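To be precise, the following lines are model14.tsv, and they hold TSV, C-alpha atoms and all ligand atoms.
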chain	number	residue	atom	x	y	z
A	502	MET	CA	-18.45	-2.05	-1.93
A	503	ILE	CA	-17.48	0.96	0.13
A	504	SER	CA	-18.66	4.25	-1.26
A	505	ILE	CA	-17.42	7.49	0.21
A	506	LYS	CA	-18.93	10.76	-0.97
A	507	GLY	CA	-17.99	14.33	-0.16
A	508	LEU	CA	-16.49	13.37	3.18
A	509	ARG	CA	-15.24	16.30	5.28
A	510	LYS	CA	-13.93	16.70	8.78
A	511	VAL	CA	-13.31	20.10	10.27
A	512	PHE	CA	-11.70	20.28	13.71
A	513	THR	CA	-12.12	23.37	15.80
A	514	SER	CA	-9.54	23.97	18.48
A	515	ASN	CA	-8.71	27.31	20.15
A	516	ASN	CA	-11.31	28.91	17.89
A	517	LYS	CA	-9.30	27.89	14.83
A	518	LYS	CA	-10.79	25.66	12.17
A	519	LEU	CA	-8.73	22.97	10.55
A	520	THR	CA	-10.02	20.89	7.65
A	521	ALA	CA	-8.38	17.48	8.19
A	522	VAL	CA	-10.38	15.67	5.49
A	523	ASP	CA	-11.60	17.77	2.61
A	524	ASN	CA	-14.40	16.72	0.28
A	525	LEU	CA	-13.14	13.20	-0.19
A	526	THR	CA	-14.89	10.93	-2.68
A	527	LEU	CA	-13.77	7.36	-3.26
A	528	ASP	CA	-15.07	3.88	-4.13
A	529	ILE	CA	-13.42	0.75	-2.77
A	530	GLU	CA	-14.27	-2.64	-4.27
A	531	ASP	CA	-15.16	-5.75	-2.31
A	532	GLY	CA	-12.15	-7.93	-1.60
A	533	GLU	CA	-9.48	-5.44	-2.59
A	534	ILE	CA	-6.53	-4.21	-0.57
A	535	PHE	CA	-6.72	-0.45	-0.88
A	536	GLY	CA	-3.86	1.71	0.38
A	537	VAL	CA	-3.88	5.38	1.29
A	538	ILE	CA	-0.43	6.96	1.45
A	539	GLY	CA	0.42	10.42	2.70
A	540	TYR	CA	2.88	12.33	4.85
A	541	SER	CA	2.26	13.11	8.50
A	542	GLY	CA	-0.70	15.42	8.97
A	543	ALA	CA	-2.24	14.62	5.57
A	544	GLY	CA	-5.42	13.47	7.31
A	545	LYS	CA	-5.03	9.69	6.90
A	546	SER	CA	-5.98	8.68	10.44
A	547	THR	CA	-8.88	11.10	10.48
A	548	PHE	CA	-10.07	9.65	7.18
A	549	ILE	CA	-9.95	6.03	8.31
A	550	ARG	CA	-11.64	6.88	11.63
A	551	LEU	CA	-14.47	8.57	9.75
A	552	LEU	CA	-15.28	5.25	8.07
A	553	ASN	CA	-16.46	3.63	11.31
A	554	ARG	CA	-17.34	6.96	12.92
A	555	LEU	CA	-14.66	6.91	15.58
A	556	GLU	CA	-14.67	10.50	14.28
A	557	GLU	CA	-17.99	12.05	13.35
A	558	PRO	CA	-17.92	13.55	9.86
A	559	THR	CA	-18.70	17.23	9.44
A	560	GLU	CA	-20.19	16.49	6.02
A	561	GLY	CA	-20.54	13.69	3.50
A	562	ASN	CA	-21.48	10.05	3.68
A	563	VAL	CA	-20.00	6.59	3.94
A	564	ILE	CA	-21.81	3.54	2.63
A	565	ILE	CA	-20.43	0.10	3.46
A	566	ASP	CA	-22.16	-2.85	1.83
A	567	LYS	CA	-25.31	-0.85	1.03
A	568	GLN	CA	-25.61	0.40	4.60
A	569	GLU	CA	-25.22	4.13	5.12
A	570	ILE	CA	-22.92	4.26	8.12
A	571	THR	CA	-23.26	8.02	8.42
A	572	ALA	CA	-27.05	7.74	8.86
A	573	LEU	CA	-27.04	5.17	11.69
A	574	LYS	CA	-28.24	5.84	15.23
A	575	ALA	CA	-25.94	4.94	18.12
A	576	ASN	CA	-27.31	1.43	18.72
A	577	GLU	CA	-27.35	0.64	14.97
A	578	LEU	CA	-23.80	1.91	14.69
A	579	ARG	CA	-22.66	-0.47	17.44
A	580	ALA	CA	-24.02	-3.40	15.42
A	581	ALA	CA	-22.54	-2.09	12.16
A	582	ARG	CA	-19.12	-1.71	13.76
A	583	GLN	CA	-18.97	-5.46	14.30
A	584	GLU	CA	-18.67	-5.73	10.53
A	585	ILE	CA	-15.72	-3.33	10.50
A	586	GLY	CA	-12.52	-4.52	12.21
A	587	MET	CA	-9.70	-2.14	12.97
A	588	ILE	CA	-6.02	-2.45	13.87
A	589	PHE	CA	-3.70	0.26	15.13
A	590	GLN	CA	-0.03	1.26	15.09
A	591	HIS	CA	0.30	0.80	18.85
A	592	PHE	CA	-1.92	-2.29	18.94
A	593	ASN	CA	-4.35	-0.91	21.62
A	594	LEU	CA	-4.44	-4.20	23.52
A	595	LEU	CA	-5.81	-4.67	27.01
A	596	TRP	CA	-2.65	-5.12	29.07
A	597	SER	CA	-4.28	-6.92	31.99
A	598	ARG	CA	-5.79	-9.61	29.75
A	599	THR	CA	-4.06	-12.60	28.21
A	600	VAL	CA	-3.79	-13.13	24.46
A	601	GLU	CA	-6.90	-15.31	24.36
A	602	ASP	CA	-8.89	-12.95	26.57
A	603	ASN	CA	-7.94	-9.99	24.38
A	604	ILE	CA	-9.20	-11.86	21.34
A	605	ALA	CA	-12.36	-12.96	23.18
A	606	PHE	CA	-13.16	-9.41	24.29
A	607	PRO	CA	-15.20	-8.28	21.24
A	608	LEU	CA	-17.06	-11.61	21.36
A	609	GLU	CA	-18.01	-10.99	24.98
A	610	ILE	CA	-19.31	-7.56	24.06
A	611	ALA	CA	-21.32	-9.10	21.22
A	612	GLY	CA	-22.86	-11.53	23.73
A	613	VAL	CA	-21.44	-14.71	22.17
A	614	PRO	CA	-21.83	-17.71	24.57
A	615	LYS	CA	-18.66	-18.96	26.27
A	616	ALA	CA	-18.25	-22.29	24.46
A	617	GLU	CA	-18.67	-20.67	21.06
A	618	ARG	CA	-16.30	-17.89	22.09
A	619	MET	CA	-13.57	-20.32	23.05
A	620	GLU	CA	-13.96	-22.20	19.79
A	621	LYS	CA	-13.67	-19.00	17.78
A	622	VAL	CA	-10.65	-17.79	19.76
A	623	LYS	CA	-8.88	-21.09	19.08
A	624	GLU	CA	-9.54	-20.76	15.37
A	625	LEU	CA	-8.29	-17.15	15.32
A	626	ILE	CA	-5.14	-17.99	17.26
A	627	ARG	CA	-4.33	-20.62	14.66
A	628	LEU	CA	-5.14	-18.23	11.79
A	629	VAL	CA	-2.74	-15.53	13.00
A	630	GLY	CA	0.02	-17.97	14.02
A	631	LEU	CA	-0.04	-17.51	17.81
A	632	SER	CA	-0.50	-21.12	18.89
A	633	GLY	CA	1.24	-21.73	22.22
A	634	ARG	CA	0.98	-18.08	23.30
A	635	GLU	CA	-2.67	-18.17	24.43
A	636	LYS	CA	-1.91	-17.51	28.09
A	637	ALA	CA	0.76	-14.83	27.56
A	638	TYR	CA	0.15	-11.21	28.47
A	639	PRO	CA	0.78	-8.46	25.88
A	640	SER	CA	3.88	-7.29	27.80
A	641	GLN	CA	5.42	-10.72	27.18
A	642	LEU	CA	5.00	-10.50	23.40
A	643	SER	CA	7.13	-9.04	20.61
A	644	GLY	CA	5.72	-6.20	18.50
A	645	GLY	CA	4.82	-8.57	15.68
A	646	GLN	CA	3.03	-10.93	18.06
A	647	LYS	CA	1.13	-8.01	19.59
A	648	GLN	CA	-0.09	-7.00	16.14
A	649	ARG	CA	-1.14	-10.61	15.49
A	650	VAL	CA	-3.32	-10.36	18.60
A	651	GLY	CA	-4.68	-7.06	17.25
A	652	ILE	CA	-5.52	-8.72	13.94
A	653	ALA	CA	-7.16	-11.74	15.59
A	654	ARG	CA	-9.24	-9.45	17.81
A	655	ALA	CA	-10.28	-7.37	14.80
A	656	LEU	CA	-11.42	-10.51	12.99
A	657	ALA	CA	-13.36	-12.00	15.93
A	658	ASN	CA	-16.80	-10.88	14.76
A	659	ASN	CA	-16.21	-11.93	11.11
A	660	PRO	CA	-16.04	-8.41	9.72
A	661	LYS	CA	-16.31	-7.66	6.00
A	662	VAL	CA	-13.84	-4.83	6.20
A	663	LEU	CA	-10.54	-4.41	8.01
A	664	LEU	CA	-9.21	-0.91	8.62
A	665	CYS	CA	-5.47	-0.66	9.31
A	666	ASP	CA	-4.04	2.57	10.71
A	667	GLU	CA	-0.25	2.39	10.23
A	668	ALA	CA	-0.42	-1.23	11.40
A	669	THR	CA	3.26	-1.92	10.68
A	670	SER	CA	4.83	1.46	11.44
A	671	ALA	CA	6.05	0.38	14.89
A	672	LEU	CA	7.63	-2.82	13.55
A	673	ASP	CA	11.07	-3.63	12.12
A	674	PRO	CA	11.27	-4.43	8.37
A	675	GLU	CA	11.27	-8.21	8.78
A	676	THR	CA	8.29	-8.22	11.15
A	677	THR	CA	6.54	-5.72	8.87
A	678	ASN	CA	6.85	-8.20	6.00
A	679	ALA	CA	5.50	-11.06	8.11
A	680	ILE	CA	2.46	-9.00	9.15
A	681	LEU	CA	1.89	-7.86	5.55
A	682	ASP	CA	2.01	-11.51	4.42
A	683	LEU	CA	-0.58	-12.33	7.07
A	684	LEU	CA	-2.84	-9.53	5.80
A	685	VAL	CA	-2.56	-10.91	2.26
A	686	ASP	CA	-3.46	-14.43	3.50
A	687	ILE	CA	-6.49	-13.07	5.35
A	688	ASN	CA	-7.55	-11.06	2.33
A	689	ARG	CA	-7.39	-14.18	0.14
A	690	GLU	CA	-8.77	-16.73	2.57
A	691	LEU	CA	-11.61	-14.69	4.03
A	692	GLY	CA	-12.26	-12.42	1.04
A	693	LEU	CA	-11.91	-9.50	3.41
A	694	THR	CA	-11.70	-5.95	2.07
A	695	ILE	CA	-8.69	-4.20	3.57
A	696	ILE	CA	-8.13	-0.46	3.75
A	697	LEU	CA	-4.76	0.51	5.05
A	698	ILE	CA	-3.11	3.83	5.59
A	699	THR	CA	0.63	4.30	5.73
A	700	HIS	CA	3.47	6.68	4.98
A	701	GLU	CA	5.62	3.80	3.70
A	702	MET	CA	5.91	3.01	-0.01
A	703	HIS	CA	7.06	-0.50	0.78
A	704	VAL	CA	3.73	-1.35	2.43
A	705	ILE	CA	1.73	-0.12	-0.57
A	706	GLN	CA	3.99	-1.76	-3.14
A	707	LYS	CA	4.09	-5.11	-1.42
A	708	ILE	CA	0.38	-5.77	-0.92
A	709	CYS	CA	-1.99	-3.11	-2.27
A	710	HIS	CA	-4.02	-3.45	-5.44
A	711	ARG	CA	-5.00	0.21	-5.65
A	712	VAL	CA	-3.71	3.31	-3.93
A	713	ALA	CA	-4.80	6.87	-3.20
A	714	VAL	CA	-2.27	9.57	-2.43
A	715	MET	CA	-3.45	12.02	0.20
A	716	GLU	CA	-2.24	15.56	0.84
A	717	GLN	CA	-3.83	18.27	3.00
A	718	GLY	CA	-7.03	16.29	3.48
A	719	LYS	CA	-7.52	15.61	-0.24
A	720	ILE	CA	-6.88	12.68	-2.52
A	721	VAL	CA	-4.58	14.10	-5.16
A	722	GLU	CA	-4.04	10.96	-7.20
A	723	GLN	CA	-5.47	7.41	-7.23
A	724	GLY	CA	-5.52	4.22	-9.28
A	725	GLU	CA	-3.75	0.89	-9.72
A	726	VAL	CA	-0.51	0.88	-7.73
A	727	LEU	CA	1.64	0.26	-10.81
A	728	ASP	CA	-0.03	3.04	-12.83
A	729	VAL	CA	0.13	5.65	-10.08
A	730	PHE	CA	3.77	5.05	-9.21
A	731	SER	CA	5.18	4.37	-12.67
A	732	ARG	CA	3.75	7.66	-13.98
A	733	PRO	CA	3.38	9.92	-10.93
A	734	LYS	CA	1.74	13.23	-11.79
A	735	GLU	CA	1.69	15.15	-8.52
A	736	GLN	CA	4.76	16.43	-6.68
A	737	VAL	CA	3.86	14.52	-3.51
A	738	THR	CA	3.56	11.25	-5.45
A	739	LYS	CA	6.92	11.90	-7.11
A	740	LYS	CA	8.44	12.34	-3.66
A	741	PHE	CA	7.06	8.97	-2.56
A	742	VAL	CA	8.41	7.31	-5.71
A	743	ALA	CA	11.82	8.87	-5.02
A	744	GLN	CA	11.73	7.06	-1.64
A	745	VAL	CA	12.11	3.76	-3.45
A	746	MET	CA	13.80	4.85	-6.67
A	747	GLY	CA	16.41	7.29	-5.37
A	748	ASN	CA	17.34	10.40	-7.37
A	749	GLY	CA	14.88	12.81	-8.87
A	750	SER	CA	14.83	13.85	-12.51
A	751	ASP	CA	17.41	16.64	-12.12
A	752	ASP	CA	20.09	14.20	-11.12
A	753	GLU	CA	19.10	11.92	-13.94
A	754	THR	CA	19.74	14.65	-16.52
A	755	LYS	CA	23.17	15.22	-15.03
A	756	ASP	CA	23.90	11.50	-15.04
A	757	THR	CA	23.06	11.29	-18.73
A	758	SER	CA	25.72	13.78	-19.85
A	759	TYR	CA	28.18	11.98	-17.63
A	760	LEU	CA	27.24	8.70	-19.28
A	761	VAL	CA	27.61	10.06	-22.80
A	762	GLU	CA	31.11	11.36	-21.98
A	763	ASN	CA	32.22	8.06	-20.51
A	764	TYR	CA	30.50	5.72	-22.94
A	765	PRO	CA	30.82	7.46	-26.30
A	766	ASP	CA	30.30	4.39	-28.52
A	767	GLY	CA	27.16	2.90	-30.00
A	768	LYS	CA	23.76	3.86	-28.69
A	769	ILE	CA	22.69	4.64	-25.14
A	770	VAL	CA	19.02	4.08	-24.41
A	771	ARG	CA	16.82	4.26	-21.36
A	772	LEU	CA	14.30	1.43	-21.11
A	773	HIS	CA	11.10	2.11	-19.19
A	774	PHE	CA	9.63	-1.02	-17.63
A	775	ILE	CA	6.05	-1.09	-16.36
A	776	GLY	CA	4.58	-4.33	-15.06
A	777	GLU	CA	4.63	-7.55	-17.10
A	778	SER	CA	7.25	-9.74	-15.54
A	779	THR	CA	7.84	-11.31	-18.98
A	780	ASN	CA	9.75	-8.17	-19.95
A	781	GLN	CA	12.24	-8.84	-17.25
A	782	THR	CA	14.13	-11.35	-19.37
A	783	LEU	CA	14.48	-8.71	-22.09
A	784	ILE	CA	18.24	-8.20	-21.80
A	785	SER	CA	19.02	-11.90	-22.15
A	786	GLN	CA	16.60	-12.17	-25.10
A	787	ILE	CA	18.37	-9.31	-26.90
A	788	ALA	CA	21.78	-10.78	-26.15
A	789	LYS	CA	20.74	-14.12	-27.67
A	790	ARG	CA	19.05	-12.69	-30.74
A	791	PHE	CA	21.45	-9.97	-31.87
A	792	PRO	CA	25.24	-10.07	-32.26
A	793	ILE	CA	25.83	-6.91	-30.23
A	794	ASP	CA	27.27	-6.10	-26.82
A	795	ILE	CA	25.11	-4.75	-24.04
A	796	ASN	CA	26.50	-2.68	-21.24
A	797	ILE	CA	24.27	-1.94	-18.25
A	798	LEU	CA	25.01	1.59	-17.05
A	799	GLN	CA	22.28	2.49	-14.60
A	800	GLY	CA	19.15	0.90	-13.27
A	801	LYS	CA	16.30	1.45	-10.84
A	802	ILE	CA	13.57	-1.14	-10.85
A	803	THR	CA	11.26	-1.83	-7.93
A	804	GLN	CA	8.56	-4.46	-7.46
A	805	THR	CA	4.85	-4.16	-6.69
A	806	GLN	CA	2.37	-7.00	-6.24
A	807	ALA	CA	1.36	-6.41	-9.89
A	808	GLY	CA	4.91	-6.50	-11.32
A	809	GLY	CA	7.95	-4.25	-11.41
A	810	TYR	CA	8.46	-0.73	-12.68
A	811	GLY	CA	11.47	1.46	-13.27
A	812	THR	CA	14.18	2.25	-15.78
A	813	LEU	CA	17.37	0.70	-17.03
A	814	VAL	CA	19.98	2.66	-18.96
A	815	ILE	CA	22.00	0.49	-21.33
A	816	GLN	CA	24.60	0.93	-24.03
A	817	PHE	CA	24.43	-1.09	-27.23
A	818	VAL	CA	27.80	-1.53	-28.94
A	819	GLY	CA	28.38	-3.15	-32.34
A	820	ASN	CA	27.09	-3.06	-35.88
A	821	GLU	CA	24.78	-0.10	-36.40
A	822	ASN	CA	22.12	-2.12	-38.26
A	823	GLU	CA	22.07	-4.83	-35.63
A	824	ILE	CA	21.64	-2.21	-32.91
A	825	GLN	CA	18.76	-0.73	-34.86
A	826	ASN	CA	17.18	-4.19	-35.21
A	827	ALA	CA	17.48	-4.76	-31.47
A	828	VAL	CA	15.73	-1.47	-30.69
A	829	GLN	CA	13.03	-2.27	-33.21
A	830	TYR	CA	12.59	-5.70	-31.65
A	831	ILE	CA	11.99	-4.17	-28.22
A	832	CYS	CA	9.51	-1.65	-29.61
A	833	GLU	CA	7.54	-4.24	-31.56
A	834	ASN	CA	7.57	-7.19	-29.18
A	835	THR	CA	7.40	-5.77	-25.68
A	836	SER	CA	5.62	-3.04	-23.75
A	837	VAL	CA	8.98	-1.61	-22.71
A	838	GLU	CA	9.38	1.98	-23.92
A	839	VAL	CA	12.72	2.93	-25.47
A	840	GLU	CA	14.12	6.42	-25.03
A	841	VAL	CA	17.28	7.16	-26.98
A	842	ILE	CA	19.75	9.17	-24.91
A	843	HIS	CA	22.76	9.11	-27.22
A	844	ASN	CA	23.43	7.88	-30.72
A	845	VAL	CA	26.83	7.86	-32.41
A	846	GLN	CA	26.39	9.27	-35.91
A	901	LIG	N1	-8.90	15.69	17.48
A	901	LIG	C1	-8.31	16.63	16.75
A	901	LIG	N2	-8.48	17.95	17.03
A	901	LIG	C2	-7.89	18.89	16.28
A	901	LIG	N3	-7.10	18.65	15.21
A	901	LIG	C3	-6.89	17.37	14.89
A	901	LIG	C4	-7.46	16.29	15.64
A	901	LIG	N4	-7.08	15.11	15.08
A	901	LIG	C5	-6.29	15.44	14.03
A	901	LIG	N5	-6.17	16.79	13.93
A	901	LIG	C6	-5.41	17.50	12.88
A	901	LIG	O1	-5.86	17.05	11.61
A	901	LIG	C7	-4.76	16.96	10.71
A	901	LIG	C8	-4.71	15.55	10.15
A	901	LIG	O2	-4.33	14.66	11.19
A	901	LIG	P1	-4.24	13.09	11.03
A	901	LIG	O3	-3.89	12.53	12.36
A	901	LIG	O4	-5.48	12.62	10.38
A	901	LIG	O5	-3.02	12.96	10.02
A	901	LIG	P2	-2.19	11.66	9.57
A	901	LIG	O6	-2.10	11.73	8.09
A	901	LIG	O7	-2.79	10.45	10.19
A	901	LIG	O8	-0.75	11.93	10.19
A	901	LIG	P3	0.32	10.89	10.82
A	901	LIG	O9	1.03	10.26	9.65
A	901	LIG	O10	1.25	11.77	11.60
A	901	LIG	O11	-0.41	9.90	11.67
A	901	LIG	C9	-3.52	17.37	11.48
A	901	LIG	O12	-3.24	18.71	11.19
A	901	LIG	C10	-3.93	17.20	12.92
A	901	LIG	O13	-3.24	18.08	13.75
A	902	MG	MG	-2.11	8.97	11.52

Written as structure tokens, that's how I'd like the structure from this file.
Amino acid sequence: MISIKGLRKVFTSNNKKLTAVDNLTLDIEDGEIFGVIGYSGAGKSTFIRLLNRLEEPTEGNVIIDKQEITALKANELRAARQEIGMIFQHFNLLWSRTVEDNIAFPLEIAGVPKAERMEKVKELIRLVGLSGREKAYPSQLSGGQKQRVGIARALANNPKVLLCDEATSALDPETTNAILDLLVDINRELGLTIILITHEMHVIQKICHRVAVMEQGKIVEQGEVLDVFSRPKEQVTKKFVAQVMGNGSDDETKDTSYLVENYPDGKIVRLHFIGESTNQTLISQIAKRFPIDINILQGKITQTQAGGYGTLVIQFVGNENEIQNAVQYICENTSVEVEVIHNVQ
């Protein structure tokens, strides 16, 4: 487990103090993929660099696997860092070395004998899907391939933790997905704990188990991805949710009056879906069970690795009792919440 307590980083430049990370306390479980999301300047990179002391904390402590990183002397820290891999937005590869020599580099530093090194490099190249590119130089690789080299290099010393600083931000959406899939495979196969920071909702939703939202050096909200995003409390979290869900609540209120004007019959309800993929067949279940018509008026549902969340606005038309039965059925048999927007008297 990674335990972070009261972590602070104050930068001083031109006699001005800036608190980049402010009293941050957080626990990360073994084997989880933990995401930190925040806008530019929130302090994400500073935070992740404090974990392996690429930045020295001003205050607070970091414990990784019972070892207090913040208490280590320089030579102890060098050893501890072998247990903490890191990948970067701009890959940070050695341009004059081939793919295999880049991957071998941390093994050389760790003093691993040549034969063992070559064996390990081979295994890593296979793991990250770079077979056939061993002798290429970074300049001959695509962005996705460069990041695969970065990942292989980070895994060379069998770390327990992988830190990812905007690892997909320089990649196109398709390549981003391929790299995220690779991270999930590594997490499952090697049981590696992954901490990743990003400003992209897609990255968090696709692979993270838990998320923390960071603003001005602080964590303002944290929890299971589905919980945090389906019921965002803080303004900054709501803004991130709007990235994937579109309009904010003001527009929704407007849309409702428009809907009522244009669809005056029956009952208009907004269904709130959170998780449980079984609920996703709800509309067809209702259509089969009740002799009523269902008109889909508006919908915004997005997927996370733990299931979807979002809302669907529908109109029920038909016999009043049957409509009532349908609503009751949803309330009693599913975890979908029903909000009545309009009811014809
Ligand atoms: N070495 C430094 N010296 C002084 N200030 C710094 C230093 N590094 C970061 N900062 C400041 O700390 C704050 C947090 O920066 P940080 O790079 O951690 O943010 P970030 O969330 O990673 O942003 P981005 O999404 O743009 O990468 C910013 O105001 C930044 O200017
Ligand atoms: Mg950053």

- [ ] Would you mind listing the residues within 7 Å of ligand LIG 901 (chain A), counting only C-alpha atoms and all ligand atoms, as a ChimeraX atom specification?
- [x] /A:512-514,519-521,539-548,700

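For the atom pair formed by CA of Val729 (chain A) and CA of Gly800 (chain A), the distance is 19.9 Å, given to one decimal.
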
- [ ] Identify, on the basis of only C-alpha atoms, every residue whose closest approach to Leu664 (chain A) does not exceed 6 Å; exclude the query and any residue fewer than 6 positions from it along the same chain; express the result as a ChimeraX atom specification.
- [x] /A:587,696-697

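We find CA of Val511 (chain A) and CA of Val721 (chain A) to be spaced 18.7 Å apart.
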
I'd like the neighbourhood of Thr757 (chain A) as a PDB file with C-alpha atoms, in the frame of the given file, where a residue qualifies if any of its atoms comes within 10 Å (using all atoms listed in the file), though same-chain residues fewer than 4 positions away should be ignored.
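Saved as selection_31.pdb:
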ATOM      1  CA  ASP A 752      20.090  14.200 -11.120  1.00  0.00           C
ATOM      2  CA  GLU A 753      19.100  11.920 -13.940  1.00  0.00           C
ATOM      3  CA  VAL A 761      27.610  10.060 -22.800  1.00  0.00           C
ATOM      4  CA  GLU A 762      31.110  11.360 -21.980  1.00  0.00           C
ATOM      5  CA  ASN A 763      32.220   8.060 -20.510  1.00  0.00           C
ATOM      6  CA  ILE A 769      22.690   4.640 -25.140  1.00  0.00           C
ATOM      7  CA  ARG A 771      16.820   4.260 -21.360  1.00  0.00           C
ATOM      8  CA  GLN A 799      22.280   2.490 -14.600  1.00  0.00           C
ATOM      9  CA  VAL A 814      19.980   2.660 -18.960  1.00  0.00           C
ATOM     10  CA  ILE A 842      19.750   9.170 -24.910  1.00  0.00           C
ATOM     11  CA  HIS A 843      22.760   9.110 -27.220  1.00  0.00           C
TER      12      HIS A 843
END

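As for CA of Lys789 (chain A) and CA of Val839 (chain A), they are spaced 19.0 Å apart.
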
Each residue of region 601-695 of chain A with at least one atom at most 12 Å from region 561-578 of chain A should appear once, together with its nearest atom pair and the corresponding distance in Å (one decimal); atoms considered: all atoms listed in the file; ordering: chain, then increasing residue number; output as CSV.
residue,atom,partner,partner_atom,distance
A:Pro660,CA,A:Asp566,CA,11.4
A:Lys661,CA,A:Asp566,CA,8.6
A:Val662,CA,A:Ile565,CA,8.7
A:Leu663,CA,A:Ile565,CA,11.8
A:Thr694,CA,A:Ile565,CA,10.7

Open item on the list: Can you tell me which residues surround Arg634 (chain A) at a distance of at most 12 Å, considering all atoms listed in the file, apart from same-chain residues fewer than 2 positions away, and format the answer as JSON, numbers by chain?
Closed with: {"A": [599, 600, 601, 602, 623, 626, 627, 629, 630, 631, 632, 636, 637, 638, 639, 641, 642, 643, 646, 647, 649, 650]}

TODO: Write out as a PyMOL selection string each polymer residue whose atoms come within 10 Å of Leu608 (chain A), counting only C-alpha atoms; drop sequence neighbours fewer than 3 positions from it.
DONE: chain A and resi 583+602-605+611-615+617-619+621-622+654+657-658

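The shortest atom-to-atom distance to Lys740 (chain A), with only C-alpha atoms taken into account, belongs to A:Ile538 out of A:Ile538, A:Leu555, A:Ile695, A:Ile775.
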
- [ ] Give the answer as one residue: which of A:Asn516, A:Gln786, A:Asn820, A:Gln706 has the shortest atom-to-atom distance to Thr803 (chain A), using all atoms listed in the file?
- [x] A:Gln706

- [ ] Counting only C-alpha atoms, figure out which residue out of A:Ala827, A:Ile585, A:Phe817, A:Leu760 gets nearest to Arg550 (chain A).
- [x] A:Ile585

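Distance annotation: of A:Thr699, A:Gln648, A:Asn524, A:Ser640, the residue with the minimal separation from ligand MG 902 (chain A) is A:Thr699; atom set is all atoms listed in the file.
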
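The smallest atom-to-atom distance between Thr835 (chain A) and any of A:Glu777, A:Glu823, A:Glu690, A:Asp682, using only C-alpha atoms, is found for A:Glu777.
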